[in-house]
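Trainee: This one is query-v5.pdb, PDB, C-alpha atoms.
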ATOM      1  CA  MET A   1      31.038  -2.169 -68.828
ATOM      2  CA  ALA A   2      30.212  -0.989 -72.365
ATOM      3  CA  ARG A   3      26.615  -0.269 -71.331
ATOM      4  CA  GLY A   4      27.850   2.530 -69.070
ATOM      5  CA  SER A   5      29.668   4.293 -71.930
ATOM      6  CA  VAL A   6      28.465   6.802 -74.504
ATOM      7  CA  LEU A   7      30.127   4.697 -77.225
ATOM      8  CA  PRO A   8      28.019   2.341 -79.363
ATOM      9  CA  VAL A   9      28.761  -1.367 -78.949
ATOM     10  CA  THR A  10      30.206  -1.478 -82.478
ATOM     11  CA  ASP A  11      32.831   1.208 -81.768
ATOM     12  CA  PRO A  12      36.476   0.089 -82.329
ATOM     13  CA  ALA A  13      37.344   1.334 -78.831
ATOM     14  CA  LEU A  14      35.486  -1.703 -77.477
ATOM     15  CA  ASN A  15      37.484  -4.240 -79.502
ATOM     16  CA  PRO A  16      38.750  -6.029 -76.357
ATOM     17  CA  LEU A  17      35.277  -7.573 -76.173
ATOM     18  CA  ASN A  18      36.354  -9.677 -79.193
ATOM     19  CA  ASP A  19      33.811 -12.363 -80.060
ATOM     20  CA  PHE A  20      31.273 -11.014 -77.592
ATOM     21  CA  GLN A  21      30.944  -7.714 -79.449
ATOM     22  CA  PRO A  22      28.152  -7.504 -82.068
ATOM     23  CA  ARG A  23      29.409  -6.826 -85.593
ATOM     24  CA  ASP A  24      26.348  -4.802 -86.623
ATOM     25  CA  ARG A  25      23.807  -2.658 -84.892
ATOM     26  CA  GLN A  26      20.850  -4.600 -83.529
ATOM     27  CA  ILE A  27      17.300  -4.411 -84.848
ATOM     28  CA  VAL A  28      14.528  -3.732 -82.340
ATOM     29  CA  ALA A  29      10.909  -4.702 -82.993
ATOM     30  CA  GLY A  30       7.918  -5.001 -80.731
ATOM     31  CA  LEU A  31       4.217  -4.609 -80.172
ATOM     32  CA  GLU A  32       2.354  -2.349 -77.773
ATOM     33  CA  ALA A  33      -1.307  -2.299 -76.755
ATOM     34  CA  ALA A  34      -3.053   0.257 -74.562
ATOM     35  CA  ILE A  35      -6.454   0.984 -73.065
ATOM     36  CA  THR A  36      -7.090   4.556 -71.896
ATOM     37  CA  SER A  37     -10.100   6.233 -70.350
ATOM     38  CA  GLY A  38     -10.794   8.990 -67.892
ATOM     39  CA  ARG A  39      -9.754   6.911 -64.869
ATOM     40  CA  LEU A  40      -7.797   4.019 -66.372
ATOM     41  CA  ASP A  41      -4.567   3.723 -68.335
ATOM     42  CA  ALA A  42      -3.407   0.155 -69.012
ATOM     43  CA  ARG A  43      -0.507  -0.756 -71.309
ATOM     44  CA  ALA A  44       1.316  -3.915 -72.363
ATOM     45  CA  GLU A  45       4.444  -4.229 -74.492
ATOM     46  CA  TYR A  46       6.506  -6.984 -76.085
ATOM     47  CA  ARG A  47       9.991  -6.189 -77.394
ATOM     48  CA  ARG A  48      12.684  -8.256 -79.094
ATOM     49  CA  GLU A  49      16.200  -7.211 -80.143
ATOM     50  CA  VAL A  50      17.912  -9.167 -82.925
ATOM     51  CA  ASP A  51      21.519  -9.265 -84.140
ATOM     52  CA  PRO A  52      21.199  -9.222 -87.976
ATOM     53  CA  SER A  53      24.673 -10.704 -88.538
ATOM     54  CA  VAL A  54      23.731 -14.073 -86.972
ATOM     55  CA  ASP A  55      19.900 -13.839 -86.887
ATOM     56  CA  TYR A  56      19.911 -14.504 -83.132
ATOM     57  CA  PHE A  57      17.963 -12.380 -80.690
ATOM     58  CA  VAL A  58      19.983 -10.679 -77.956
ATOM     59  CA  SER A  59      17.080  -9.664 -75.723
ATOM     60  CA  GLU A  60      13.417 -10.457 -75.311
ATOM     61  CA  ARG A  61      11.189  -8.757 -72.761
ATOM     62  CA  ALA A  62       7.524  -8.196 -71.940
ATOM     63  CA  SER A  63       6.114  -5.509 -69.666
ATOM     64  CA  ALA A  64       2.787  -4.205 -68.401
ATOM     65  CA  SER A  65       1.685  -1.094 -66.507
ATOM     66  CA  LEU A  66      -1.549   0.132 -64.955
ATOM     67  CA  ALA A  67      -2.611   3.561 -63.672
ATOM     68  CA  LEU A  68      -5.966   3.848 -61.904
ATOM     69  CA  ARG A  69      -7.708   6.954 -60.576
ATOM     70  CA  PRO A  70     -10.662   5.647 -58.530
ATOM     71  CA  ILE A  71     -11.404   9.083 -57.045
ATOM     72  CA  ARG A  72     -10.414  12.608 -57.904
ATOM     73  CA  ARG A  73      -7.322  13.037 -55.717
ATOM     74  CA  LEU A  74      -6.069   9.447 -55.612
ATOM     75  CA  THR A  75      -3.843   7.711 -58.183
ATOM     76  CA  VAL A  76      -2.652   4.107 -57.978
ATOM     77  CA  ALA A  77       0.022   2.969 -60.450
ATOM     78  CA  ALA A  78       1.916  -0.290 -60.879
ATOM     79  CA  GLY A  79       4.081  -1.939 -63.501
ATOM     80  CA  GLY A  80       6.624  -4.646 -64.100
ATOM     81  CA  GLU A  81       8.625  -6.520 -66.698
ATOM     82  CA  TYR A  82       9.628 -10.109 -67.405
ATOM     83  CA  ASP A  83      12.904 -11.061 -69.075
ATOM     84  CA  LEU A  84      11.927 -13.868 -71.451
ATOM     85  CA  ALA A  85      15.514 -14.429 -72.584
ATOM     86  CA  PHE A  86      16.784 -15.153 -69.052
ATOM     87  CA  GLY A  87      13.499 -16.541 -67.764
ATOM     88  CA  ALA A  88      13.482 -14.189 -64.764
ATOM     89  CA  VAL A  89      11.230 -11.522 -63.302
ATOM     90  CA  GLY A  90      12.728  -8.085 -63.884
ATOM     91  CA  SER A  91      12.075  -4.732 -62.288
ATOM     92  CA  ALA A  92       8.660  -3.782 -60.892
ATOM     93  CA  ASP A  93       7.115  -0.949 -58.893
ATOM     94  CA  ALA A  94       3.851   0.193 -57.317
ATOM     95  CA  THR A  95       2.962   3.706 -56.117
ATOM     96  CA  VAL A  96       0.019   5.400 -54.411
ATOM     97  CA  VAL A  97      -0.300   9.199 -54.698
ATOM     98  CA  TRP A  98      -2.746  11.496 -52.916
ATOM     99  CA  ILE A  99      -2.882  15.111 -54.150
ATOM    100  CA  GLY A 100      -4.455  17.545 -51.703
ATOM    101  CA  ARG A 101      -5.081  21.258 -52.080
ATOM    102  CA  TRP A 102      -1.809  22.342 -50.475
ATOM    103  CA  TYR A 103       0.047  19.046 -50.033
ATOM    104  CA  THR A 104       0.964  15.834 -51.861
ATOM    105  CA  LEU A 105       1.633  12.444 -50.265
ATOM    106  CA  SER A 106       3.009   9.335 -51.953
ATOM    107  CA  GLY A 107       4.330   5.934 -51.005
ATOM    108  CA  GLY A 108       5.198   2.697 -52.675
ATOM    109  CA  ALA A 109       7.501  -0.220 -53.234
ATOM    110  CA  ARG A 110       9.806  -1.267 -56.040
ATOM    111  CA  ARG A 111      12.029  -4.107 -57.114
ATOM    112  CA  TYR A 112      15.077  -3.468 -59.289
ATOM    113  CA  ARG A 113      16.948  -6.161 -61.183
ATOM    114  CA  PRO A 114      19.764  -5.217 -63.621
ATOM    115  CA  PHE A 115      19.148  -6.075 -67.264
ATOM    116  CA  PHE A 116      21.870  -7.360 -69.608
ATOM    117  CA  ASP A 117      21.867  -8.350 -73.274
ATOM    118  CA  LEU A 118      22.605 -11.964 -74.089
ATOM    119  CA  TRP A 119      25.853 -11.049 -75.868
ATOM    120  CA  THR A 120      27.398  -9.642 -72.672
ATOM    121  CA  ILE A 121      29.133 -11.792 -70.065
ATOM    122  CA  TRP A 122      27.561  -9.978 -67.110
ATOM    123  CA  GLY A 123      24.407 -12.089 -67.117
ATOM    124  CA  ALA A 124      26.478 -15.116 -66.099
ATOM    125  CA  PHE A 125      27.140 -13.510 -62.714
ATOM    126  CA  SER A 126      23.459 -13.842 -61.682
ATOM    127  CA  PRO A 127      22.695 -10.184 -60.854
ATOM    128  CA  VAL A 128      21.014  -9.808 -57.481
ATOM    129  CA  PRO A 129      17.906  -7.595 -57.297
ATOM    130  CA  TYR A 130      17.012  -5.315 -54.418
ATOM    131  CA  HIS A 131      13.665  -4.390 -52.863
ATOM    132  CA  ALA A 132      12.812  -0.899 -51.620
ATOM    133  CA  MET A 133      10.062   0.928 -49.756
ATOM    134  CA  HIS A 134       9.735   4.689 -50.211
ATOM    135  CA  ALA A 135       7.573   7.587 -49.076
ATOM    136  CA  SER A 136       7.503  11.285 -49.904
ATOM    137  CA  ALA A 137       5.621  14.427 -48.955
ATOM    138  CA  SER A 138       5.370  17.905 -50.418
ATOM    139  CA  VAL A 139       3.716  20.813 -48.600
ATOM    140  CA  THR A 140       2.889  24.280 -49.995
ATOM    141  CA  PRO A 141       1.848  26.446 -47.029
ATOM    142  CA  LEU A 142       2.204  29.573 -49.183
ATOM    143  CA  ALA A 143       1.790  30.084 -52.905
ATOM    144  CA  SER A 144       5.482  31.000 -53.146
ATOM    145  CA  LEU A 145       6.892  28.321 -50.799
ATOM    146  CA  THR A 146       7.150  24.511 -51.168
ATOM    147  CA  VAL A 147       8.771  22.135 -48.665
ATOM    148  CA  ARG A 148       9.477  18.530 -49.683
ATOM    149  CA  ALA A 149      11.008  15.359 -48.251
ATOM    150  CA  ARG A 150      11.576  11.825 -49.515
ATOM    151  CA  GLY A 151      12.974   8.689 -47.888
ATOM    152  CA  GLU A 152      13.719   5.160 -49.057
ATOM    153  CA  ARG A 153      14.854   1.946 -47.396
ATOM    154  CA  TYR A 154      16.229  -0.883 -49.554
ATOM    155  CA  ARG A 155      17.644  -4.383 -49.141
ATOM    156  CA  PHE A 156      19.425  -6.735 -51.551
ATOM    157  CA  GLU A 157      18.390 -10.355 -51.901
ATOM    158  CA  ASP A 158      20.735 -13.078 -50.699
ATOM    159  CA  ALA A 159      23.530 -13.556 -53.241
ATOM    160  CA  GLU A 160      24.028 -17.171 -52.064
ATOM    161  CA  VAL A 161      27.826 -16.873 -52.009
ATOM    162  CA  PHE A 162      30.279 -17.768 -49.235
ATOM    163  CA  THR A 163      32.931 -15.167 -48.356
ATOM    164  CA  PRO A 164      34.858 -16.249 -45.226
ATOM    165  CA  GLY A 165      36.283 -13.421 -43.172
ATOM    166  CA  VAL A 166      34.266 -10.728 -44.987
ATOM    167  CA  SER A 167      31.121  -9.107 -43.663
ATOM    168  CA  ALA A 168      29.312  -6.757 -46.057
ATOM    169  CA  GLU A 169      26.142  -4.723 -45.763
ATOM    170  CA  ASP A 170      23.115  -5.904 -47.740
ATOM    171  CA  ARG A 171      20.784  -2.985 -47.023
ATOM    172  CA  GLY A 172      20.760   0.796 -46.913
ATOM    173  CA  TRP A 173      18.679   3.962 -46.932
ATOM    174  CA  ARG A 174      18.361   7.281 -48.775
ATOM    175  CA  PHE A 175      16.882  10.595 -47.669
ATOM    176  CA  GLU A 176      16.348  13.967 -49.316
ATOM    177  CA  SER A 177      14.703  17.185 -48.192
ATOM    178  CA  GLY A 178      14.430  20.551 -49.855
ATOM    179  CA  VAL A 179      12.760  23.951 -50.060
ATOM    180  CA  THR A 180      11.717  25.973 -53.111
ATOM    181  CA  TRP A 181      10.910  29.672 -52.703
ATOM    182  CA  THR A 182       9.582  31.952 -55.449
ATOM    183  CA  PRO A 183       9.507  35.473 -53.993
ATOM    184  CA  THR A 184       8.599  37.004 -57.385
ATOM    185  CA  ALA A 185       7.777  35.737 -60.851
ATOM    186  CA  GLN A 186      11.364  36.479 -61.947
ATOM    187  CA  TRP A 187      13.269  34.752 -59.126
ATOM    188  CA  VAL A 188      13.313  31.113 -57.934
ATOM    189  CA  MET A 189      15.477  29.836 -55.056
ATOM    190  CA  ASP A 190      15.931  26.144 -54.290
ATOM    191  CA  GLY A 191      18.000  24.296 -51.694
ATOM    192  CA  SER A 192      18.206  20.628 -50.704
ATOM    193  CA  TYR A 193      20.037  18.180 -48.467
ATOM    194  CA  GLN A 194      20.747  14.553 -49.445
ATOM    195  CA  ALA A 195      22.097  11.646 -47.422
ATOM    196  CA  GLU A 196      22.623   7.983 -48.299
ATOM    197  CA  PHE A 197      24.134   4.994 -46.563
ATOM    198  CA  GLY A 198      24.429   1.676 -48.340
ATOM    199  CA  PRO A 199      26.716  -1.226 -49.242
ATOM    200  CA  GLY A 200      30.197  -0.004 -50.075
ATOM    201  CA  ALA A 201      29.787   3.736 -49.599
ATOM    202  CA  SER A 202      27.839   6.599 -48.101
ATOM    203  CA  SER A 203      27.299  10.215 -49.044
ATOM    204  CA  ARG A 204      25.806  13.427 -47.743
ATOM    205  CA  GLY A 205      25.685  16.883 -49.217
ATOM    206  CA  PHE A 206      23.920  20.148 -49.950
ATOM    207  CA  THR A 207      22.813  21.735 -53.224
ATOM    208  CA  GLY A 208      21.514  25.217 -54.010
ATOM    209  CA  ARG A 209      20.143  26.981 -57.103
ATOM    210  CA  LEU A 210      19.171  30.571 -57.856
ATOM    211  CA  THR A 211      17.272  31.181 -61.110
ATOM    212  CA  TRP A 212      16.474  34.500 -62.761
ATOM    213  CA  LEU A 213      13.722  34.649 -65.406
ATOM    214  CA  PRO A 214      13.529  38.185 -66.833
ATOM    215  CA  ASN A 215      11.030  37.001 -69.476
ATOM    216  CA  PRO A 216       9.400  33.706 -70.594
ATOM    217  CA  LEU A 217      12.072  33.145 -73.259
ATOM    218  CA  PHE A 218      15.271  33.448 -71.233
ATOM    219  CA  SER A 219      16.568  32.152 -67.883
ATOM    220  CA  MET A 220      19.886  32.229 -66.039
ATOM    221  CA  THR A 221      20.817  29.960 -63.112
ATOM    222  CA  ALA A 222      23.674  29.949 -60.607
ATOM    223  CA  HIS A 223      24.135  26.704 -58.686
ATOM    224  CA  GLY A 224      26.498  25.147 -56.189
ATOM    225  CA  ALA A 225      26.898  21.865 -54.318
ATOM    226  CA  ARG A 226      28.973  20.257 -51.588
ATOM    227  CA  LEU A 227      29.305  16.473 -51.336
ATOM    228  CA  GLN A 228      31.111  14.191 -48.883
ATOM    229  CA  ARG A 229      31.337  10.502 -49.769
ATOM    230  CA  PRO A 230      33.545   8.222 -47.666
ATOM    231  CA  LEU A 231      34.042   4.896 -49.442
ATOM    232  CA  GLU A 232      33.722   1.880 -47.163
ATOM    233  CA  LEU A 233      35.596  -0.675 -49.279
ATOM    234  CA  ARG A 234      38.423   1.608 -50.488
ATOM    235  CA  PHE A 235      41.257   3.610 -48.937
ATOM    236  CA  ASN A 236      39.705   6.796 -50.172
ATOM    237  CA  ASP A 237      37.561   9.596 -48.708
ATOM    238  CA  ALA A 238      36.410  12.184 -51.235
ATOM    239  CA  GLU A 239      34.935  15.657 -50.892
ATOM    240  CA  LEU A 240      33.540  17.541 -53.869
ATOM    241  CA  THR A 241      32.550  21.187 -54.300
ATOM    242  CA  SER A 242      31.012  22.532 -57.497
ATOM    243  CA  LEU A 243      30.015  26.016 -58.687
ATOM    244  CA  GLY A 244      28.324  26.699 -61.984
ATOM    245  CA  LEU A 245      26.421  29.139 -64.160
ATOM    246  CA  GLU A 246      24.024  28.259 -66.984
ATOM    247  CA  ALA A 247      21.782  30.148 -69.387
ATOM    248  CA  GLU A 248      18.896  28.907 -71.528
ATOM    249  CA  TYR A 249      16.941  30.455 -74.395
ATOM    250  CA  ARG A 250      13.520  29.080 -75.425
ATOM    251  CA  PRO A 251      12.413  30.719 -78.672
ATOM    252  CA  HIS A 252       9.777  28.032 -79.257
ATOM    253  CA  ALA A 253       7.748  25.662 -77.075
ATOM    254  CA  ARG A 254       9.365  22.630 -78.748
ATOM    255  CA  TRP A 255      13.045  23.585 -78.768
ATOM    256  CA  ARG A 256      15.590  25.343 -76.572
ATOM    257  CA  VAL A 257      19.284  26.299 -76.552
ATOM    258  CA  GLY A 258      21.531  26.397 -73.493
ATOM    259  CA  VAL A 259      25.136  26.918 -72.369
ATOM    260  CA  GLU A 260      26.807  26.049 -69.054
ATOM    261  CA  ALA A 261      30.117  26.616 -67.265
ATOM    262  CA  ILE A 262      30.940  24.668 -64.111
ATOM    263  CA  ARG A 263      33.964  24.233 -61.852
ATOM    264  CA  TYR A 264      34.620  21.047 -59.828
ATOM    265  CA  ASP A 265      37.055  20.943 -56.898
ATOM    266  CA  GLU A 266      37.581  17.484 -55.425
ATOM    267  CA  THR A 267      39.982  16.310 -52.744
ATOM    268  CA  ARG A 268      40.791  12.635 -52.152
ATOM    269  CA  ASP A 269      42.281  11.563 -48.841
ATOM    270  CA  ARG A 270      44.498   8.585 -49.710
ATOM    271  CA  PRO A 271      47.537   7.306 -47.791
ATOM    272  CA  ASP A 272      49.478   6.412 -50.947
ATOM    273  CA  ALA A 273      50.872   7.900 -54.147
ATOM    274  CA  ALA A 274      47.672   7.103 -56.047
ATOM    275  CA  ALA A 275      45.959  10.208 -54.658
ATOM    276  CA  ILE A 276      44.790  12.398 -57.552
ATOM    277  CA  ASP A 277      43.391  15.872 -58.039
ATOM    278  CA  TRP A 278      40.139  15.491 -59.935
ATOM    279  CA  GLY A 279      39.421  19.232 -60.015
ATOM    280  CA  GLN A 280      38.384  20.458 -63.461
ATOM    281  CA  PHE A 281      36.550  23.163 -65.391
ATOM    282  CA  ARG A 282      33.839  22.262 -67.926
ATOM    283  CA  LEU A 283      32.031  24.148 -70.670
ATOM    284  CA  ALA A 284      28.905  22.682 -72.259
ATOM    285  CA  GLY A 285      26.372  23.593 -74.913
ATOM    286  CA  ARG A 286      23.094  21.882 -75.745
ATOM    287  CA  ILE A 287      20.153  22.037 -78.142
ATOM    288  CA  SER A 288      16.919  20.258 -77.190
ATOM    289  CA  LEU A 289      14.163  19.411 -79.674
ATOM    290  CA  LEU A 290      10.803  17.982 -78.580
ATOM    291  CA  PHE A 291       9.101  15.897 -81.260
ATOM    292  CA  GLY A 292       6.244  14.524 -79.141
ATOM    293  CA  THR A 293       5.272  12.913 -75.850
ATOM    294  CA  ASN A 294       2.955  10.177 -74.643
ATOM    295  CA  ALA A 295       0.494  12.871 -73.641
ATOM    296  CA  ASP A 296      -0.077  13.556 -77.357
ATOM    297  CA  ARG A 297      -1.730  10.157 -77.840
ATOM    298  CA  VAL A 298      -4.985  11.245 -76.238
ATOM    299  CA  ARG A 299      -5.818  14.832 -77.075
ATOM    300  CA  LEU A 300      -7.517  17.006 -74.498
ATOM    301  CA  PRO A 301     -11.069  18.110 -75.305
ATOM    302  CA  PRO A 302     -11.523  21.714 -76.454
ATOM    303  CA  ALA A 303     -11.985  24.303 -73.738
ATOM    304  CA  LEU A 304     -15.541  25.368 -72.916
ATOM    305  CA  ARG A 305     -16.426  28.889 -71.884
ATOM    306  CA  THR A 306     -18.907  29.113 -69.056
ATOM    307  CA  ALA A 307     -20.743  32.202 -67.872
ATOM    308  CA  ARG A 308     -20.659  32.883 -64.147
ATOM    309  CA  SER A 309     -23.801  34.096 -62.503
ATOM    310  CA  ARG A 310     -23.536  37.334 -60.612
TER     311      ARG A 310
END
I need this file expressed as structure tokens, please.
Mentor:
Amino acid sequence: MARGSVLPVTDPALNPLNDFQPRDRQIVAGLEAAITSGRLDARAEYRREVDPSVDYFVSERASASLALRPIRRLTVAAGGEYDLAFGAVGSADATVVWIGRWYTLSGGARRYRPFFDLWTIWGAFSPVPYHAMHASASVTPLASLTVRARGERYRFEDAEVFTPGVSAEDRGWRFESGVTWTPTAQWVMDGSYQAEFGPGASSRGFTGRLTWLPNPLFSMTAHGARLQRPLELRFNDAELTSLGLEAEYRPHARWRVGVEAIRYDETRDRPDAAAIDWGQFRLAGRISLLFGTNADRVRLPPALRTARSR
């Protein structure tokens, strides 16, 4: 479970991993090749991670991606990876996007397979991938109003295990819809509804945000959410309500400073003494610096002034 923690794998807090824990930080090296043009973007990458203490590699992967724009409003993108260390096909996805004047439509499929380093024990449990189909739509009937929706249906592959007396779900679905309204240049309102039903749990809830932008350098946002998530395989039904306020200052295009205060109130319906009150209050501060993006690789041509005929 160390991968889900903010601690590095060499932290003493992870000593229970004993011989499976790397003694030194790993070294990552790889090679990337790309072909870009006005309508084509193709990339391939090879990456290897090595443990310097034993000179053994702990991961080895190759990936490729392709984005094609055959006509002005249509984009087709696909990509995937192969885990050379485990000898298995990894995650992959394909998407088709059509961008109209006042609407956007997209659909696609994806395959997700968890990735684990060779030094962890989790790879021995043969992680099972899942396959998903998804579609989304976004409509802007007015310049100040956008309505969106997205849905996904997924199914896990057969785990090839025998569990007598236990019947578990192997498929599920997700859905989200929302509205964004900008009555003026200084105010933005956004609300959404999410629902999900899958193996082990389900959830449904609402979120809302109100943002005030008095000038291009400063913004303030108030947000709230309500979430219900009954857990199928546990004696526990949880409800969560959150209210928060955040502010952000952007003195430069490449860096920003922000602060946030948020209150969580959660109730857990349990029939035993293990019921807990997870309610808490959090304060956070952040500084974001942007050093560069992939868009910087191919610079845009200089703007050209054109005279309009009258």
Trainee: Name the residues in contact with A:Val161 at a cut-off of 12 Å, using only C-alpha atoms, excluding same-chain residues fewer than 6 positions from it; report them as a compact mmCIF listing (two decimals) with C-alpha atoms, in the frame of the given file.
Mentor:
# COMPACT_ATOMS: atom_id res chain seq x y z
CA PHE A 125 27.14 -13.51 -62.71
CA SER A 126 23.46 -13.84 -61.68
CA VAL A 128 21.01 -9.81 -57.48
CA SER A 167 31.12 -9.11 -43.66
CA ALA A 168 29.31 -6.76 -46.06
Trainee: Just so the selection is clear, what residues does the PyMOL selection byres ((chain A and resi 243-249) around 12) cover here, as a PyMOL selection string?
Mentor: chain A and resi 207-226+240-242+250-266+279-288
Trainee: Would you put the residues from that selection into a file with C-alpha atoms, as a compact mmCIF listing (two decimals), in the frame of the given file?
Mentor:
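Generated file (out_0.txt):
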# COMPACT_ATOMS: atom_id res chain seq x y z
CA THR A 207 22.81 21.74 -53.22
CA GLY A 208 21.51 25.22 -54.01
CA ARG A 209 20.14 26.98 -57.10
CA LEU A 210 19.17 30.57 -57.86
CA THR A 211 17.27 31.18 -61.11
CA TRP A 212 16.47 34.50 -62.76
CA LEU A 213 13.72 34.65 -65.41
CA PRO A 214 13.53 38.18 -66.83
CA ASN A 215 11.03 37.00 -69.48
CA PRO A 216 9.40 33.71 -70.59
CA LEU A 217 12.07 33.15 -73.26
CA PHE A 218 15.27 33.45 -71.23
CA SER A 219 16.57 32.15 -67.88
CA MET A 220 19.89 32.23 -66.04
CA THR A 221 20.82 29.96 -63.11
CA ALA A 222 23.67 29.95 -60.61
CA HIS A 223 24.14 26.70 -58.69
CA GLY A 224 26.50 25.15 -56.19
CA ALA A 225 26.90 21.86 -54.32
CA ARG A 226 28.97 20.26 -51.59
CA LEU A 240 33.54 17.54 -53.87
CA THR A 241 32.55 21.19 -54.30
CA SER A 242 31.01 22.53 -57.50
CA ARG A 250 13.52 29.08 -75.42
CA PRO A 251 12.41 30.72 -78.67
CA HIS A 252 9.78 28.03 -79.26
CA ALA A 253 7.75 25.66 -77.08
CA ARG A 254 9.36 22.63 -78.75
CA TRP A 255 13.04 23.58 -78.77
CA ARG A 256 15.59 25.34 -76.57
CA VAL A 257 19.28 26.30 -76.55
CA GLY A 258 21.53 26.40 -73.49
CA VAL A 259 25.14 26.92 -72.37
CA GLU A 260 26.81 26.05 -69.05
CA ALA A 261 30.12 26.62 -67.26
CA ILE A 262 30.94 24.67 -64.11
CA ARG A 263 33.96 24.23 -61.85
CA TYR A 264 34.62 21.05 -59.83
CA ASP A 265 37.06 20.94 -56.90
CA GLU A 266 37.58 17.48 -55.42
CA GLY A 279 39.42 19.23 -60.02
CA GLN A 280 38.38 20.46 -63.46
CA PHE A 281 36.55 23.16 -65.39
CA ARG A 282 33.84 22.26 -67.93
CA LEU A 283 32.03 24.15 -70.67
CA ALA A 284 28.90 22.68 -72.26
CA GLY A 285 26.37 23.59 -74.91
CA ARG A 286 23.09 21.88 -75.74
CA ILE A 287 20.15 22.04 -78.14
CA SER A 288 16.92 20.26 -77.19
Trainee: Show me, as JSON, numbers by chain, the residues that have an atom within 10 Å of stretch 96-112 of chain A when counting all atoms listed in the file, minus same-chain residues fewer than 2 positions from it.
Mentor: {"A": [67, 68, 69, 71, 72, 73, 74, 75, 76, 77, 78, 79, 80, 89, 90, 91, 92, 93, 94, 114, 115, 128, 129, 130, 131, 132, 133, 134, 135, 136, 137, 138, 139, 140, 141, 142, 143, 146, 147, 148, 150, 151, 152, 153, 154, 155, 156]}
Trainee: Just so the selection is clear, what residues does the PyMOL selection byres ((chain A and resi 33-38) around 10) cover here, as a VMD selection string?
Mentor: chain A and resid 31 to 32 39 to 46 64 to 70 297 to 298
Trainee: Which residues would end up in the selection if the PyMOL selection byres ((chain A and resi 61) around 10) were applied here, given that I need the answer as a ChimeraX atom specification?
Mentor: /A:30,45-49,59-60,62-63,81-90
Trainee: Can you list, as a list of chain:residue names, every protein, DNA or RNA residue that comes within 10 Å of A:Pro127 when you count all atoms listed in the file, leaving out same-chain residues fewer than 4 positions away?
Mentor: A:Arg113, A:Pro114, A:Phe115, A:Phe116, A:Trp122, A:Gly123, A:Glu157, A:Ala159
Trainee: To one decimal in Å, tell me the separation between atom CA of A:Val58 and atom CA of A:Leu118.
Mentor: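 Atom-to-atom, atom CA of A:Val58 and atom CA of A:Leu118 are spaced 4.8 Å apart.
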Trainee: To one decimal place, how far is atom CA of A:Arg174 from atom CA of A:Asp158 in Å?
Mentor: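 Answer for the atom CA of A:Arg174 to atom CA of A:Asp158 separation: 20.6 Å.
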Trainee: With all atoms listed in the file as the counted atoms, please give the residues lying no more than 7 Å from A:Gln194, apart from itself and same-chain residues fewer than 5 positions off, as an MDAnalysis selection string.
Mentor: chainID A and resid 175:177 204:206
Trainee: One decimal, in Å: what's the spacing between atom CA of A:Asp24 and atom CA of A:Val50?
Mentor: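 These atoms are spaced 10.2 Å apart.
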Trainee: Up to 7 Å from (23.4, 4.1, -48.5) in the file's coordinates: name the residues, counting only C-alpha atoms, as number ranges by chain.
Mentor: A: 172-174, 196-199, 201-202
Trainee: Output the selection as a tab-separated table (two decimals), in the frame of the given file - C-alpha atoms for each residue.
Mentor:
chain	number	residue	atom	x	y	z
A	172	GLY	CA	20.76	0.80	-46.91
A	173	TRP	CA	18.68	3.96	-46.93
A	174	ARG	CA	18.36	7.28	-48.78
A	196	GLU	CA	22.62	7.98	-48.30
A	197	PHE	CA	24.13	4.99	-46.56
A	198	GLY	CA	24.43	1.68	-48.34
A	199	PRO	CA	26.72	-1.23	-49.24
A	201	ALA	CA	29.79	3.74	-49.60
A	202	SER	CA	27.84	6.60	-48.10
